[in-house]
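One structure is given below, encoded as structure tokens.
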Amino acid sequence: MFRKAAVPTVSNGSYLQGRVNGKLSSMDSGQPAREGKVVLKKKVTLLRGISIIIGTIIGAGIFISPKGILKNTGSVGMSLTVWTVCGILSLFGALCYAELGTCIKKSGGHYTYILEAFGPLPAFVRVWVELLIIRPAATAVISLAFGRYILEPFFMQCEIPELAIKLITAVGITLVMVLNSTSVSWSARIQMFLTFCKLVAILIIIVPGVIQLIKGETQHFKNAFSGNDASVMGLPLAFYSGMYAYSGWFYLNFVTEEVENPEKNIPLAICISMIIVTVGYVLTNVAYFTTISAGELLLSKAVAVTFAERLMGNFSLAVPVFVALSCFGSMNGGIFAVSRMFFVASREGHLPEILSMIHVRKHTPLPAVIVLHPLTMIMLFTGDLYSLLNFLSFARWLFIGLVVAGLIYLRYKRPDMPRPFKVPLFIPALFSFTCLFMVALSLYSDPVNTGIGFAITLTGIPAYYLFIVWDNKPKWFRKLLGK
């Protein structure tokens with residue numbers, strides 16, 4: 001059923017086996033592919049790349065609860081400013097990843113770039129935390145939003161039973177896993193359809209908002225910067241919420257080896273996607289404020305639903321369905337991308353060997369996909385998911401900041417590396433500083449939860465020496481790891 005995967009290089013779509021001292025294979029090898037190799041096909045076109053990025057970024061947040069930014073900024077004007085600035089900062093980060101994706105043409109995203117710049121230990125810690133905690137918990141949380149909003153039209157007059165939400169959520173998770181295990185093409189096609197649904201949902205909010213502006217409904221924008229003064233701690237936390245809402249721009253880099261013409265398509269897909277998402281997010285928030293005051297927005301559990309009920313009457317029933325489809329798209333895009341990280345980490349010897357195997361006929365990294373299923377189910381039915389994400393949310397920005405700092409380091413360490421796309425140095429410098437500042441702030445503002453997350457991340461260090469460095473493992477232990 002399975003055959004061991006070849007290790008793709010980056011030159012002319014060829015393939016090469018092996019790794020050197022825990023580092024990635026040479027980035028400029030022209031060695032041709034060996035006959036009969038089972039490899040991941042290049043099926044991600046420009047349009048599919050755009051759908052992966054947009055479809056993963058736009059989840060439930062913009063429809064349900066943009067109040068975190070408003071709460072921490074204190075005024076309508078400042079909240080819209082933060083949405084805009086976070087979009088620009090996210091574009092800067094995405095441009096840095098575009099450079100990395102065009103000069104290091106391997107899948108794996110954060111893991112691959114950290115491995116190339118800083119070596120195997122920090123790369124292993126990154127994939128360790130992602131596999132055990134971050135991805136299962138993040139998938140479970142977005143899936144719960146899917147379950148809740150897909151059931152919303154059937155429980156308009158009463159509270160939705162928690163068990164029903166979790167059961168429909170489990171079905172949704174399983175469906176996404178099966179889809180990603182069965183076909184790359186179908187997964188990409190459905191992602192394109194769901195991305196279209198997300199953009200339609202945003203337009204359903206933006207267009208009535210623009211009509212309201214034309215009618216002169218601007219009372220909530222008068223004295224837009226007056227209100228509660230943002231505290232010194234509030235503004236950085238608002239930026240933290242905004243950057244989280246835009247997160248997902250890095251997922252195309254997880255599937256670099258499957259992108260057609262990556263030198264051209266990765267930068268194009270990233271730039272187009274980030275412009276669309278930033279404009280969409282800002283206009284959506286403007287639309288909200290044409291109908292809902294700042295105070296009402298802070299009290300609303302689901303802003304998009306409140307907005308639709310006031311302007312659309314019975315058509316507002318469609319909004320929860322669009323939110324559910326949006327969540328499903330984020331689930332699909334996240335699993336599609338992150339499974340490639342596990343695939344590459346296994347190929348480099350940092351995860352069990354079975355995770356780097358490819359299905360002979362379907363050409364999908366099936367084991368790297370389904371390994372997430374039991375872990376996600378455990379997260380779904382046990383534990384406090386939201387607290388868990390709070391513990392580890394800082395880890396994402398810590399490693400993203402490290403990746404972008406690695407870009408600067410590689411400019412000096414490997415100046416001769418081919419760089420088809422190159423960003424001005426101030427962009428990675430500003431973005432990495434922003435990420436590390438947010439990490440430092442979270443340690444200061446919430447030392448308990450962040451400290452727990454930091455401790456969980458540090459468990460990756462002894463795990464690295466136990467599973468990777470320790471050579472004299474017992475035979476049964478080696479067999480368990482697939483060595």
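Going through the structure tokens in order, the chains are called A, B, and so on, while each chain numbers its residues from 1 and the ligands are numbered from 1 in the order shown.
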
request  = Within 8 Å of region 297-299 of chain A, counting only C-alpha atoms, which residues show up once you throw out same-chain ones fewer than 5 positions away? Write them as an MDAnalysis selection string, please.
outcome  = chainID A and resid 67 70:71 292

Write the residues you've just listed into a file as a JSON list (two decimals), in the first residue's frame, and include C-alpha atoms for each of them.
```
[["chain", "number", "residue", "atom", "x", "y", "z"],
["A", 67, "LYS", "CA", -14.27, 42.72, 19.54],
["A", 70, "LEU", "CA", -11.92, 47.07, 19.82],
["A", 71, "LYS", "CA", -11.76, 46.22, 23.52],
["A", 292, "ILE", "CA", -23.63, 48.38, 15.19]]
```

query = Contacts of Gly242 (chain A) at 9 Å or less, counting only C-alpha atoms, minus same-chain residues fewer than 2 places along, as a PyMOL selection string?
reply = chain A and resi 66+68-69+82-83+85-87+237-240+244-247

Residues as selected, N, CA, C and O atoms, written as an mmCIF file, in the first residue's frame, can you do that?
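Result went into again.cif, see below:
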```cif
data_model
loop_
_atom_site.group_PDB
_atom_site.id
_atom_site.type_symbol
_atom_site.label_atom_id
_atom_site.label_comp_id
_atom_site.auth_asym_id
_atom_site.auth_seq_id
_atom_site.Cartn_x
_atom_site.Cartn_y
_atom_site.Cartn_z
ATOM 1 N N PRO A 66 -14.648 40.152 16.341
ATOM 2 C CA PRO A 66 -13.559 41.113 16.174
ATOM 3 C C PRO A 66 -13.476 42.093 17.336
ATOM 4 O O PRO A 66 -12.782 43.100 17.259
ATOM 5 N N GLY A 68 -12.123 41.751 20.236
ATOM 6 C CA GLY A 68 -10.878 41.762 21.014
ATOM 7 C C GLY A 68 -10.041 42.987 20.708
ATOM 8 O O GLY A 68 -9.474 43.618 21.605
ATOM 9 N N ILE A 69 -9.965 43.347 19.418
ATOM 10 C CA ILE A 69 -9.190 44.529 19.030
ATOM 11 C C ILE A 69 -9.868 45.801 19.520
ATOM 12 O O ILE A 69 -9.220 46.695 20.066
ATOM 13 N N VAL A 82 -5.622 49.470 13.677
ATOM 14 C CA VAL A 82 -4.909 48.242 14.038
ATOM 15 C C VAL A 82 -5.166 47.143 13.014
ATOM 16 O O VAL A 82 -4.251 46.416 12.619
ATOM 17 N N TRP A 83 -6.421 47.018 12.548
ATOM 18 C CA TRP A 83 -6.715 46.017 11.511
ATOM 19 C C TRP A 83 -5.856 46.263 10.272
ATOM 20 O O TRP A 83 -5.322 45.320 9.670
ATOM 21 N N VAL A 85 -2.916 48.037 10.047
ATOM 22 C CA VAL A 85 -1.485 47.861 10.324
ATOM 23 C C VAL A 85 -1.136 46.383 10.459
ATOM 24 O O VAL A 85 -0.085 45.933 9.970
ATOM 25 N N CYS A 86 -2.005 45.599 11.088
ATOM 26 C CA CYS A 86 -1.755 44.156 11.217
ATOM 27 C C CYS A 86 -1.735 43.485 9.850
ATOM 28 O O CYS A 86 -0.950 42.554 9.617
ATOM 29 N N GLY A 87 -2.591 43.963 8.938
ATOM 30 C CA GLY A 87 -2.566 43.437 7.579
ATOM 31 C C GLY A 87 -1.253 43.734 6.883
ATOM 32 O O GLY A 87 -0.685 42.870 6.198
ATOM 33 N N LEU A 237 -1.680 44.151 22.972
ATOM 34 C CA LEU A 237 -2.586 42.996 22.981
ATOM 35 C C LEU A 237 -3.543 43.059 21.799
ATOM 36 O O LEU A 237 -3.926 42.023 21.236
ATOM 37 N N ALA A 238 -3.935 44.270 21.397
ATOM 38 C CA ALA A 238 -4.780 44.420 20.211
ATOM 39 C C ALA A 238 -4.031 43.957 18.967
ATOM 40 O O ALA A 238 -4.592 43.265 18.106
ATOM 41 N N PHE A 239 -2.758 44.317 18.883
ATOM 42 C CA PHE A 239 -1.946 43.855 17.758
ATOM 43 C C PHE A 239 -1.795 42.338 17.785
ATOM 44 O O PHE A 239 -1.802 41.685 16.731
ATOM 45 N N TYR A 240 -1.682 41.781 18.970
ATOM 46 C CA TYR A 240 -1.574 40.328 19.101
ATOM 47 C C TYR A 240 -2.825 39.661 18.542
ATOM 48 O O TYR A 240 -2.750 38.693 17.776
ATOM 49 N N TYR A 244 -3.104 37.418 15.045
ATOM 50 C CA TYR A 244 -3.676 36.072 15.103
ATOM 51 C C TYR A 244 -4.778 35.917 14.048
ATOM 52 O O TYR A 244 -4.890 34.866 13.395
ATOM 53 N N ALA A 245 -5.581 36.975 13.850
ATOM 54 C CA ALA A 245 -6.659 36.912 12.861
ATOM 55 C C ALA A 245 -6.112 36.762 11.443
ATOM 56 O O ALA A 245 -6.751 36.147 10.591
ATOM 57 N N TYR A 246 -4.926 37.322 11.193
ATOM 58 C CA TYR A 246 -4.322 37.234 9.859
ATOM 59 C C TYR A 246 -3.440 35.989 9.700
ATOM 60 O O TYR A 246 -2.948 35.728 8.604
ATOM 61 N N SER A 247 -3.203 35.241 10.765
ATOM 62 C CA SER A 247 -2.271 34.112 10.667
ATOM 63 C C SER A 247 -2.812 33.063 9.714
ATOM 64 O O SER A 247 -4.011 32.810 9.653
#
```

message = Give me, as JSON, numbers by chain, all polymer residues having an atom no more than 7 Å from Gly329 (chain A), counting only C-alpha atoms and skipping those fewer than 5 positions away in the same chain.
response = {"A": [55, 56, 191, 194, 195]}

Grab the residues selected above and save them as a PDB file, in the first residue's frame with N, CA and C atoms.
```
ATOM      1  N   GLY A  55      -8.131  30.724   2.141  1.00  0.00           N
ATOM      2  CA  GLY A  55      -9.027  29.776   2.790  1.00  0.00           C
ATOM      3  C   GLY A  55      -8.606  29.398   4.188  1.00  0.00           C
ATOM      4  N   THR A  56      -7.309  29.489   4.472  1.00  0.00           N
ATOM      5  CA  THR A  56      -6.830  29.157   5.809  1.00  0.00           C
ATOM      6  C   THR A  56      -6.845  30.374   6.728  1.00  0.00           C
ATOM      7  N   GLN A 191     -11.052  23.277  -1.448  1.00  0.00           N
ATOM      8  CA  GLN A 191     -10.514  24.476  -0.812  1.00  0.00           C
ATOM      9  C   GLN A 191     -10.829  25.715  -1.649  1.00  0.00           C
ATOM     10  N   LEU A 194     -14.524  26.501  -1.085  1.00  0.00           N
ATOM     11  CA  LEU A 194     -14.750  27.073   0.243  1.00  0.00           C
ATOM     12  C   LEU A 194     -14.196  28.496   0.333  1.00  0.00           C
ATOM     13  N   THR A 195     -13.076  28.740  -0.346  1.00  0.00           N
ATOM     14  CA  THR A 195     -12.537  30.102  -0.379  1.00  0.00           C
ATOM     15  C   THR A 195     -13.521  31.037  -1.069  1.00  0.00           C
TER      16      THR A 195
END
```

task = Please provide as a list in words all residues within 10 Å of region 217-226 of chain A, with the sequence filter that same-chain residues fewer than 6 positions apart are discarded (counting only C-alpha atoms).
result =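 So, after excluding close chain neighbours, the residues are Thr73, Gly74, Ser75, Val76, Gly77, Met78, Ser79, Leu80, Thr81, Gly209, Val210, Ile211, Val286, Tyr288, Phe289, Thr290, Thr291, Ile292, Ser293 and Ala294 of chain A.
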
Can those selected residues be exported to a file as a PDB file, in the first residue's frame so that it contains N, CA and C atoms?
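The resulting file, part03.pdb, is shown below:
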```
ATOM      1  N   THR A  73      -8.262  48.607  22.064  1.00  0.00           N
ATOM      2  CA  THR A  73      -7.894  49.906  21.497  1.00  0.00           C
ATOM      3  C   THR A  73      -8.738  51.037  22.069  1.00  0.00           C
ATOM      4  N   GLY A  74     -10.005  50.742  22.413  1.00  0.00           N
ATOM      5  CA  GLY A  74     -10.844  51.740  23.070  1.00  0.00           C
ATOM      6  C   GLY A  74     -11.640  52.631  22.152  1.00  0.00           C
ATOM      7  N   SER A  75     -11.397  52.561  20.811  1.00  0.00           N
ATOM      8  CA  SER A  75     -12.159  53.423  19.900  1.00  0.00           C
ATOM      9  C   SER A  75     -12.277  52.768  18.537  1.00  0.00           C
ATOM     10  N   VAL A  76     -13.309  53.221  17.795  1.00  0.00           N
ATOM     11  CA  VAL A  76     -13.551  52.680  16.454  1.00  0.00           C
ATOM     12  C   VAL A  76     -12.375  52.992  15.526  1.00  0.00           C
ATOM     13  N   GLY A  77     -11.903  54.239  15.561  1.00  0.00           N
ATOM     14  CA  GLY A  77     -10.814  54.638  14.681  1.00  0.00           C
ATOM     15  C   GLY A  77      -9.541  53.849  14.922  1.00  0.00           C
ATOM     16  N   MET A  78      -9.177  53.671  16.197  1.00  0.00           N
ATOM     17  CA  MET A  78      -7.962  52.925  16.511  1.00  0.00           C
ATOM     18  C   MET A  78      -8.099  51.453  16.141  1.00  0.00           C
ATOM     19  N   SER A  79      -9.307  50.898  16.305  1.00  0.00           N
ATOM     20  CA  SER A  79      -9.486  49.482  15.959  1.00  0.00           C
ATOM     21  C   SER A  79      -9.305  49.277  14.455  1.00  0.00           C
ATOM     22  N   LEU A  80      -9.857  50.193  13.637  1.00  0.00           N
ATOM     23  CA  LEU A  80      -9.679  50.076  12.183  1.00  0.00           C
ATOM     24  C   LEU A  80      -8.219  50.291  11.797  1.00  0.00           C
ATOM     25  N   THR A  81      -7.529  51.184  12.521  1.00  0.00           N
ATOM     26  CA  THR A  81      -6.101  51.403  12.264  1.00  0.00           C
ATOM     27  C   THR A  81      -5.303  50.128  12.553  1.00  0.00           C
ATOM     28  N   GLY A 209     -23.055  47.115   3.972  1.00  0.00           N
ATOM     29  CA  GLY A 209     -22.359  48.162   4.710  1.00  0.00           C
ATOM     30  C   GLY A 209     -22.083  49.372   3.852  1.00  0.00           C
ATOM     31  N   VAL A 210     -21.659  49.135   2.597  1.00  0.00           N
ATOM     32  CA  VAL A 210     -21.404  50.244   1.676  1.00  0.00           C
ATOM     33  C   VAL A 210     -22.714  50.983   1.375  1.00  0.00           C
ATOM     34  N   ILE A 211     -23.798  50.227   1.204  1.00  0.00           N
ATOM     35  CA  ILE A 211     -25.115  50.853   0.968  1.00  0.00           C
ATOM     36  C   ILE A 211     -25.503  51.726   2.154  1.00  0.00           C
ATOM     37  N   VAL A 286     -15.561  48.030   8.813  1.00  0.00           N
ATOM     38  CA  VAL A 286     -16.256  49.287   8.518  1.00  0.00           C
ATOM     39  C   VAL A 286     -17.750  49.024   8.384  1.00  0.00           C
ATOM     40  N   TYR A 288     -19.533  46.634   9.736  1.00  0.00           N
ATOM     41  CA  TYR A 288     -20.127  46.394  11.062  1.00  0.00           C
ATOM     42  C   TYR A 288     -20.504  47.709  11.733  1.00  0.00           C
ATOM     43  N   PHE A 289     -19.608  48.697  11.678  1.00  0.00           N
ATOM     44  CA  PHE A 289     -19.817  49.951  12.408  1.00  0.00           C
ATOM     45  C   PHE A 289     -20.847  50.856  11.736  1.00  0.00           C
ATOM     46  N   THR A 290     -21.286  50.530  10.511  1.00  0.00           N
ATOM     47  CA  THR A 290     -22.377  51.312   9.914  1.00  0.00           C
ATOM     48  C   THR A 290     -23.714  50.978  10.572  1.00  0.00           C
ATOM     49  N   THR A 291     -23.787  49.817  11.206  1.00  0.00           N
ATOM     50  CA  THR A 291     -25.056  49.341  11.771  1.00  0.00           C
ATOM     51  C   THR A 291     -24.986  49.112  13.268  1.00  0.00           C
ATOM     52  N   ILE A 292     -23.807  48.757  13.782  1.00  0.00           N
ATOM     53  CA  ILE A 292     -23.632  48.384  15.189  1.00  0.00           C
ATOM     54  C   ILE A 292     -22.691  49.385  15.852  1.00  0.00           C
ATOM     55  N   SER A 293     -23.069  49.878  17.001  1.00  0.00           N
ATOM     56  CA  SER A 293     -22.190  50.793  17.734  1.00  0.00           C
ATOM     57  C   SER A 293     -21.072  50.007  18.406  1.00  0.00           C
ATOM     58  N   ALA A 294     -20.054  50.733  18.858  1.00  0.00           N
ATOM     59  CA  ALA A 294     -18.932  50.077  19.525  1.00  0.00           C
ATOM     60  C   ALA A 294     -19.400  49.311  20.758  1.00  0.00           C
TER      61      ALA A 294
END
```

Spatial neighbours of Leu163 (chain A), max dist 12 Å, only C-alpha atoms, sep filter under 2 positions, as number ranges by chain = A: 144, 147-148, 151, 159-161, 165-170, 380-381

Per residue of region 96-176 of chain A within 12 Å of region 437-454 of chain A, what are the shortest atom pair and its distance in Å to one decimal, counting only C-alpha atoms, with rows by chain and residue number, as CSV?
```
residue,atom,partner,partner_atom,distance
A:Val125,CA,A:Phe454,CA,11.4
A:Val129,CA,A:Gly453,CA,9.7
A:Ile133,CA,A:Gly453,CA,10.1
A:Ile134,CA,A:Gly453,CA,10.3
```

key: Counting only C-alpha atoms, the residue of A:Ala337, A:Met192, A:Cys158, A:Ala302 that sits nearest Val323 (chain A)   = A:Ala302

I want to know what sits within 8 Å of Gly93 (chain A), based on only C-alpha atoms, with residues of the same chain fewer than 4 positions away left out; could you give that as a compact mmCIF listing (two decimals) with N, CA and C atoms, in the first residue's frame?
```
# COMPACT_ATOMS: atom_id res chain seq x y z
N LEU A 89 1.68 44.41 8.41
CA LEU A 89 2.73 43.61 9.06
C LEU A 89 2.68 42.15 8.60
N TYR A 97 8.50 35.09 3.89
CA TYR A 97 8.31 33.67 3.60
C TYR A 97 8.35 33.41 2.09
N VAL A 404 12.05 34.29 10.49
CA VAL A 404 12.35 35.52 9.76
C VAL A 404 13.73 36.06 10.16
N ILE A 427 12.38 44.89 6.04
CA ILE A 427 11.12 44.16 6.21
C ILE A 427 11.29 42.99 7.16
N PRO A 428 12.26 42.07 6.95
CA PRO A 428 12.42 40.99 7.94
C PRO A 428 12.86 41.50 9.30
N PHE A 431 9.67 42.85 11.01
CA PHE A 431 8.71 41.80 11.32
C PHE A 431 9.22 40.89 12.44
```

query = Please, what distance in Å, to one decimal, runs between CA of Phe254 (chain A) and CA of Met341 (chain A)?
reply = 6.2 Å

Hey, which bits of region 94-206 of chain A sit within 12 Å of region 308-320 of chain A, and for each residue what's the closest pair of atoms and how far apart in Å (one decimal), counting only C-alpha atoms, rows by chain and increasing number, as CSV?
```
residue,atom,partner,partner_atom,distance
A:Ala145,CA,A:Pro320,CA,10.0
A:Phe146,CA,A:Pro320,CA,9.2
A:Gly147,CA,A:Pro320,CA,10.5
A:Arg148,CA,A:Pro320,CA,8.8
A:Tyr149,CA,A:Pro320,CA,5.1
A:Ile150,CA,A:Pro320,CA,6.6
A:Leu151,CA,A:Pro320,CA,8.4
A:Glu152,CA,A:Pro320,CA,6.4
A:Pro153,CA,A:Leu317,CA,6.3
A:Phe154,CA,A:Leu317,CA,9.9
A:Phe155,CA,A:Leu317,CA,11.2
A:Met156,CA,A:Leu317,CA,9.2
A:Cys197,CA,A:Val319,CA,10.9
A:Lys198,CA,A:Val319,CA,10.5
A:Val200,CA,A:Val319,CA,10.5
A:Ala201,CA,A:Val319,CA,7.2
A:Ile202,CA,A:Val319,CA,9.9
A:Leu203,CA,A:Val319,CA,11.5
A:Ile204,CA,A:Val319,CA,8.7
A:Ile205,CA,A:Ala308,CA,7.6
A:Ile206,CA,A:Ala308,CA,11.0
```

message = For the helix (DSSP H, G or I) assignment from backbone DSSP, which residues of region 361-450 of chain A qualify? Please present them as a VMD selection string.
response = chain A and resid 366 to 370 372 to 381 385 to 413 426 to 445 447 to 450

List as CSV every residue of region 116-188 of chain A that is in contact with region 342-346 of chain A, defined as an atom at most 8 Å from one of its atoms (using only C-alpha atoms), together with the nearest atom pair and the distance in Å rounded to one decimal, sorted by chain and then rising number.
```
residue,atom,partner,partner_atom,distance
A:Phe124,CA,A:Ala345,CA,7.8
A:Val127,CA,A:Phe342,CA,7.2
A:Leu131,CA,A:Phe342,CA,7.6
```

How would the residues just picked look written out with C-alpha atoms as a compact mmCIF listing (two decimals), in the first residue's frame?
```txt
# COMPACT_ATOMS: atom_id res chain seq x y z
CA PHE A 124 12.80 19.41 16.17
CA VAL A 127 7.72 20.15 15.00
CA LEU A 131 2.49 17.64 16.43
```

inquiry  = Could you tell me how far CA of Leu355 (chain A) sits from CA of Val371 (chain A), in Å to one decimal place?
reply    =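 Spanning CA of Val371 (chain A) to CA of Leu355 (chain A) is a straight-line distance of 8.1 Å.
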
query = For Val279 (chain A), which residue out of A:Phe336, A:Ser300, A:Leu199, A:Gly61 is the nearest one, using only C-alpha atoms?
reply = A:Leu199
